[in-house]
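Visitor: Structure below; questions to follow.
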Amino acid sequence: MTIPHDRTFYDRHGFDRLSGDGAGAVAELDEHLAQLRGDISLKANVYDEAVRADFPAATCAMPINLLLWPERRMDWVLIRAGAGAAWPTHVHGYGDELYLVIAGEAQVTIGDTVHDAGPLDLFHVPAGTPHGFHLPEDYEGTFDLFAVNSPGVAHHLRSRYWASEPLPGPGAPDAG
């Protein structure tokens, strides 16, 4: 049986025409986000810093301010690190991560395996897998790692979803 696709049920109905006590707040939020996005370009250089978070011996920069798109389905950041820096082993319970080394060399840990990492090396980190990286104390230069997360997570929830232990098996509660 084929079910016909008829948009008339949805167009100018349902979520296109909210009502109730909270409808005005939703419209205001949509308008406010549109104003904040303004003329923001969706094109950037990987080294641009629209938004930056500083961590010990490393920075985490978003070339495009993705936080203005709370409905996004992915995040990406450039992590820049120097001598002795480490992104501690942690676990994402909410989705997969991709590491792409842009410049420099480090050791990347995924699960129980430590990998030597250099320019253009690519690593897939499945959800629930412990991972991180570290550089030696005497390292010279900068290690640039482009990380992509899917799905994206709201900035105020990100740290809650990092854990130092692997997640329990499928169907278990999130270990954040």
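Residue names in the structure tokens use chain letters A, B, ... in the order shown, residue numbers from 1 in each chain, and ligand numbers from 1 in the order shown.
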Please produce, as a tab-separated table, a per-residue contact table for region 24-119 of chain A versus region 134-145 of chain A (criterion: any atom at most 8 Å away, only C-alpha atoms considered), showing the nearest atom pair and its distance in Å to one decimal, sorted by chain then residue number.
Guide:
residue	atom	partner	partner_atom	distance
A:Leu78	CA	A:Leu145	CA	5.7
A:Ile79	CA	A:Leu145	CA	5.0
A:Arg80	CA	A:Asp144	CA	4.6
A:Ala81	CA	A:Phe143	CA	5.1
A:Gly82	CA	A:Thr142	CA	4.9
A:Ala83	CA	A:Tyr139	CA	4.6
A:Gly84	CA	A:Glu137	CA	3.9
A:Ala85	CA	A:Leu135	CA	5.5
A:Ala86	CA	A:His134	CA	4.0
A:Trp87	CA	A:His134	CA	6.3
A:Pro88	CA	A:His134	CA	7.8
A:Tyr99	CA	A:Leu145	CA	6.5
A:Leu100	CA	A:Leu145	CA	5.8
A:Val101	CA	A:Leu145	CA	4.6
A:Ile102	CA	A:Asp144	CA	5.2
A:Ala103	CA	A:Asp144	CA	5.0
A:Gly104	CA	A:Phe143	CA	4.3
A:Glu105	CA	A:Phe143	CA	6.0
A:Ala106	CA	A:Leu135	CA	5.0
A:Gln107	CA	A:His134	CA	5.5
A:Val108	CA	A:His134	CA	6.7
Visitor: Taking N, CA and C atoms for each residue, export the selection above as a PDB file, in the first residue's frame.
Guide:
ATOM      1  N   LEU A  78      38.392  23.386  15.963  1.00  0.00           N
ATOM      2  CA  LEU A  78      39.828  23.213  15.773  1.00  0.00           C
ATOM      3  C   LEU A  78      40.459  23.251  17.156  1.00  0.00           C
ATOM      4  N   ILE A  79      41.126  22.178  17.517  1.00  0.00           N
ATOM      5  CA  ILE A  79      41.843  22.112  18.791  1.00  0.00           C
ATOM      6  C   ILE A  79      43.305  22.376  18.476  1.00  0.00           C
ATOM      7  N   ARG A  80      43.883  23.410  19.130  1.00  0.00           N
ATOM      8  CA  ARG A  80      45.293  23.758  18.939  1.00  0.00           C
ATOM      9  C   ARG A  80      46.008  23.517  20.251  1.00  0.00           C
ATOM     10  N   ALA A  81      47.061  22.731  20.195  1.00  0.00           N
ATOM     11  CA  ALA A  81      47.765  22.355  21.419  1.00  0.00           C
ATOM     12  C   ALA A  81      49.270  22.468  21.225  1.00  0.00           C
ATOM     13  N   GLY A  82      49.979  22.691  22.322  1.00  0.00           N
ATOM     14  CA  GLY A  82      51.433  22.793  22.298  1.00  0.00           C
ATOM     15  C   GLY A  82      52.074  21.787  23.237  1.00  0.00           C
ATOM     16  N   ALA A  83      53.347  21.998  23.508  1.00  0.00           N
ATOM     17  CA  ALA A  83      54.161  21.077  24.307  1.00  0.00           C
ATOM     18  C   ALA A  83      53.460  20.664  25.596  1.00  0.00           C
ATOM     19  N   GLY A  84      53.439  19.363  25.842  1.00  0.00           N
ATOM     20  CA  GLY A  84      52.891  18.822  27.069  1.00  0.00           C
ATOM     21  C   GLY A  84      51.381  18.816  27.160  1.00  0.00           C
ATOM     22  N   ALA A  85      50.712  19.299  26.135  1.00  0.00           N
ATOM     23  CA  ALA A  85      49.244  19.360  26.169  1.00  0.00           C
ATOM     24  C   ALA A  85      48.646  17.973  26.064  1.00  0.00           C
ATOM     25  N   ALA A  86      47.480  17.849  26.621  1.00  0.00           N
ATOM     26  CA  ALA A  86      46.734  16.600  26.512  1.00  0.00           C
ATOM     27  C   ALA A  86      45.250  16.914  26.539  1.00  0.00           C
ATOM     28  N   TRP A  87      44.497  16.203  25.724  1.00  0.00           N
ATOM     29  CA  TRP A  87      43.053  16.213  25.833  1.00  0.00           C
ATOM     30  C   TRP A  87      42.767  14.929  26.580  1.00  0.00           C
ATOM     31  N   PRO A  88      42.427  15.026  27.858  1.00  0.00           N
ATOM     32  CA  PRO A  88      42.312  13.815  28.680  1.00  0.00           C
ATOM     33  C   PRO A  88      41.380  12.786  28.056  1.00  0.00           C
ATOM     34  N   TYR A  99      38.361  12.715  14.166  1.00  0.00           N
ATOM     35  CA  TYR A  99      39.561  13.544  14.340  1.00  0.00           C
ATOM     36  C   TYR A  99      40.279  13.602  13.001  1.00  0.00           C
ATOM     37  N   LEU A 100      40.655  14.793  12.571  1.00  0.00           N
ATOM     38  CA  LEU A 100      41.497  14.987  11.397  1.00  0.00           C
ATOM     39  C   LEU A 100      42.672  15.848  11.828  1.00  0.00           C
ATOM     40  N   VAL A 101      43.889  15.291  11.736  1.00  0.00           N
ATOM     41  CA  VAL A 101      45.081  16.045  12.105  1.00  0.00           C
ATOM     42  C   VAL A 101      45.402  17.004  10.967  1.00  0.00           C
ATOM     43  N   ILE A 102      45.438  18.290  11.295  1.00  0.00           N
ATOM     44  CA  ILE A 102      45.752  19.322  10.307  1.00  0.00           C
ATOM     45  C   ILE A 102      47.259  19.567  10.259  1.00  0.00           C
ATOM     46  N   ALA A 103      47.885  19.670  11.430  1.00  0.00           N
ATOM     47  CA  ALA A 103      49.320  19.962  11.494  1.00  0.00           C
ATOM     48  C   ALA A 103      49.900  19.387  12.790  1.00  0.00           C
ATOM     49  N   GLY A 104      51.181  19.058  12.739  1.00  0.00           N
ATOM     50  CA  GLY A 104      51.879  18.587  13.927  1.00  0.00           C
ATOM     51  C   GLY A 104      51.758  17.086  14.120  1.00  0.00           C
ATOM     52  N   GLU A 105      52.323  16.642  15.233  1.00  0.00           N
ATOM     53  CA  GLU A 105      52.314  15.213  15.564  1.00  0.00           C
ATOM     54  C   GLU A 105      51.990  15.036  17.039  1.00  0.00           C
ATOM     55  N   ALA A 106      51.285  13.974  17.352  1.00  0.00           N
ATOM     56  CA  ALA A 106      50.908  13.664  18.732  1.00  0.00           C
ATOM     57  C   ALA A 106      50.599  12.184  18.812  1.00  0.00           C
ATOM     58  N   GLN A 107      50.199  11.764  19.979  1.00  0.00           N
ATOM     59  CA  GLN A 107      49.697  10.411  20.142  1.00  0.00           C
ATOM     60  C   GLN A 107      48.212  10.507  20.447  1.00  0.00           C
ATOM     61  N   VAL A 108      47.422   9.797  19.662  1.00  0.00           N
ATOM     62  CA  VAL A 108      45.977   9.772  19.814  1.00  0.00           C
ATOM     63  C   VAL A 108      45.596   8.408  20.375  1.00  0.00           C
TER      64      VAL A 108
END
Visitor: Could you pull the residues within 7 Å of Ile110 (chain A), counting only C-alpha atoms, minus those fewer than 6 positions along the same chain, as a ChimeraX atom specification?
Guide: /A:125,129-132
Visitor: Could those selected residues go to a file with all heavy atoms, as an mmCIF file, in the first residue's frame?
Guide:
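Writing the result to out.cif gives the following:
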data_model
loop_
_atom_site.group_PDB
_atom_site.id
_atom_site.type_symbol
_atom_site.label_atom_id
_atom_site.label_comp_id
_atom_site.auth_asym_id
_atom_site.auth_seq_id
_atom_site.Cartn_x
_atom_site.Cartn_y
_atom_site.Cartn_z
ATOM 1 N N VAL A 125 36.004 7.832 16.020
ATOM 2 C CA VAL A 125 35.789 7.473 17.413
ATOM 3 C C VAL A 125 34.299 7.178 17.601
ATOM 4 O O VAL A 125 33.484 8.099 17.654
ATOM 5 C CB VAL A 125 36.216 8.613 18.365
ATOM 6 C CG1 VAL A 125 36.033 8.190 19.813
ATOM 7 C CG2 VAL A 125 37.653 9.046 18.088
ATOM 8 N N THR A 129 33.358 5.258 23.164
ATOM 9 C CA THR A 129 34.748 4.798 23.127
ATOM 10 C C THR A 129 35.657 5.831 23.796
ATOM 11 O O THR A 129 35.671 6.996 23.397
ATOM 12 C CB THR A 129 35.211 4.598 21.668
ATOM 13 O OG1 THR A 129 34.323 3.684 21.024
ATOM 14 C CG2 THR A 129 36.627 4.055 21.608
ATOM 15 N N PRO A 130 36.449 5.425 24.800
ATOM 16 C CA PRO A 130 37.393 6.368 25.411
ATOM 17 C C PRO A 130 38.411 6.847 24.373
ATOM 18 O O PRO A 130 38.885 6.056 23.557
ATOM 19 C CB PRO A 130 38.090 5.537 26.492
ATOM 20 C CG PRO A 130 37.211 4.356 26.714
ATOM 21 C CD PRO A 130 36.498 4.106 25.416
ATOM 22 N N HIS A 131 38.727 8.144 24.408
ATOM 23 C CA HIS A 131 39.670 8.698 23.435
ATOM 24 C C HIS A 131 40.265 9.995 23.956
ATOM 25 O O HIS A 131 39.731 10.616 24.871
ATOM 26 C CB HIS A 131 38.990 8.930 22.082
ATOM 27 C CG HIS A 131 37.860 9.902 22.155
ATOM 28 N ND1 HIS A 131 36.629 9.579 22.712
ATOM 29 C CD2 HIS A 131 37.754 11.196 21.777
ATOM 30 C CE1 HIS A 131 35.832 10.630 22.638
ATOM 31 N NE2 HIS A 131 36.492 11.634 22.086
ATOM 32 N N GLY A 132 41.376 10.397 23.367
ATOM 33 C CA GLY A 132 42.042 11.641 23.718
ATOM 34 C C GLY A 132 43.358 11.731 22.967
ATOM 35 O O GLY A 132 43.641 10.927 22.082
#
Visitor: What does the distance from CA of Asp11 (chain A) to CA of Val26 (chain A) come to in Å, to one decimal?
Guide: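 For CA of Asp11 (chain A) relative to CA of Val26 (chain A), the distance reads 18.4 Å.
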Visitor: By how many Å are CA of Val51 (chain A) and CA of Gly152 (chain A) apart?
Guide: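 Atom-to-atom, CA of Val51 (chain A) to CA of Gly152 (chain A), that is 15.3 Å.
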Visitor: Would you kindly return, as JSON, numbers by chain, each protein, DNA or RNA residue with an atom no farther than 12 Å from any atom of Ile40 (chain A), considering only C-alpha atoms and excluding same-chain residues fewer than 2 positions away?
Guide: {"A": [33, 34, 35, 36, 37, 38, 42, 43, 44, 50, 63, 64, 65, 66, 68, 69]}
Visitor: Determine which residues of chain A DSSP labels as strand (DSSP E or B) from the backbone of this structure, then write them out as an MDAnalysis selection string.
Guide: chainID A and resid 51:55 58:62 75:81 86:92 96:103 106:110 113:117 122:125 131:134 143:150 162:163
Visitor: Which residue out of A:Phe15, A:Phe133, A:Phe146, A:Phe123 has the minimum interatomic distance to Ala61 (chain A) when only C-alpha atoms are used?
Guide: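 Of the candidates, the smallest distance to Ala61 (chain A) is held by A:Phe146.
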Visitor: Looking at only C-alpha atoms, which of A:Ala57, A:Val91, A:Leu29, A:Val77 is the one that sits closest to Ala127 (chain A)?
Guide: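 Between A:Ala57, A:Val91, A:Leu29, A:Val77, the residue approaching Ala127 (chain A) most closely is A:Val91.
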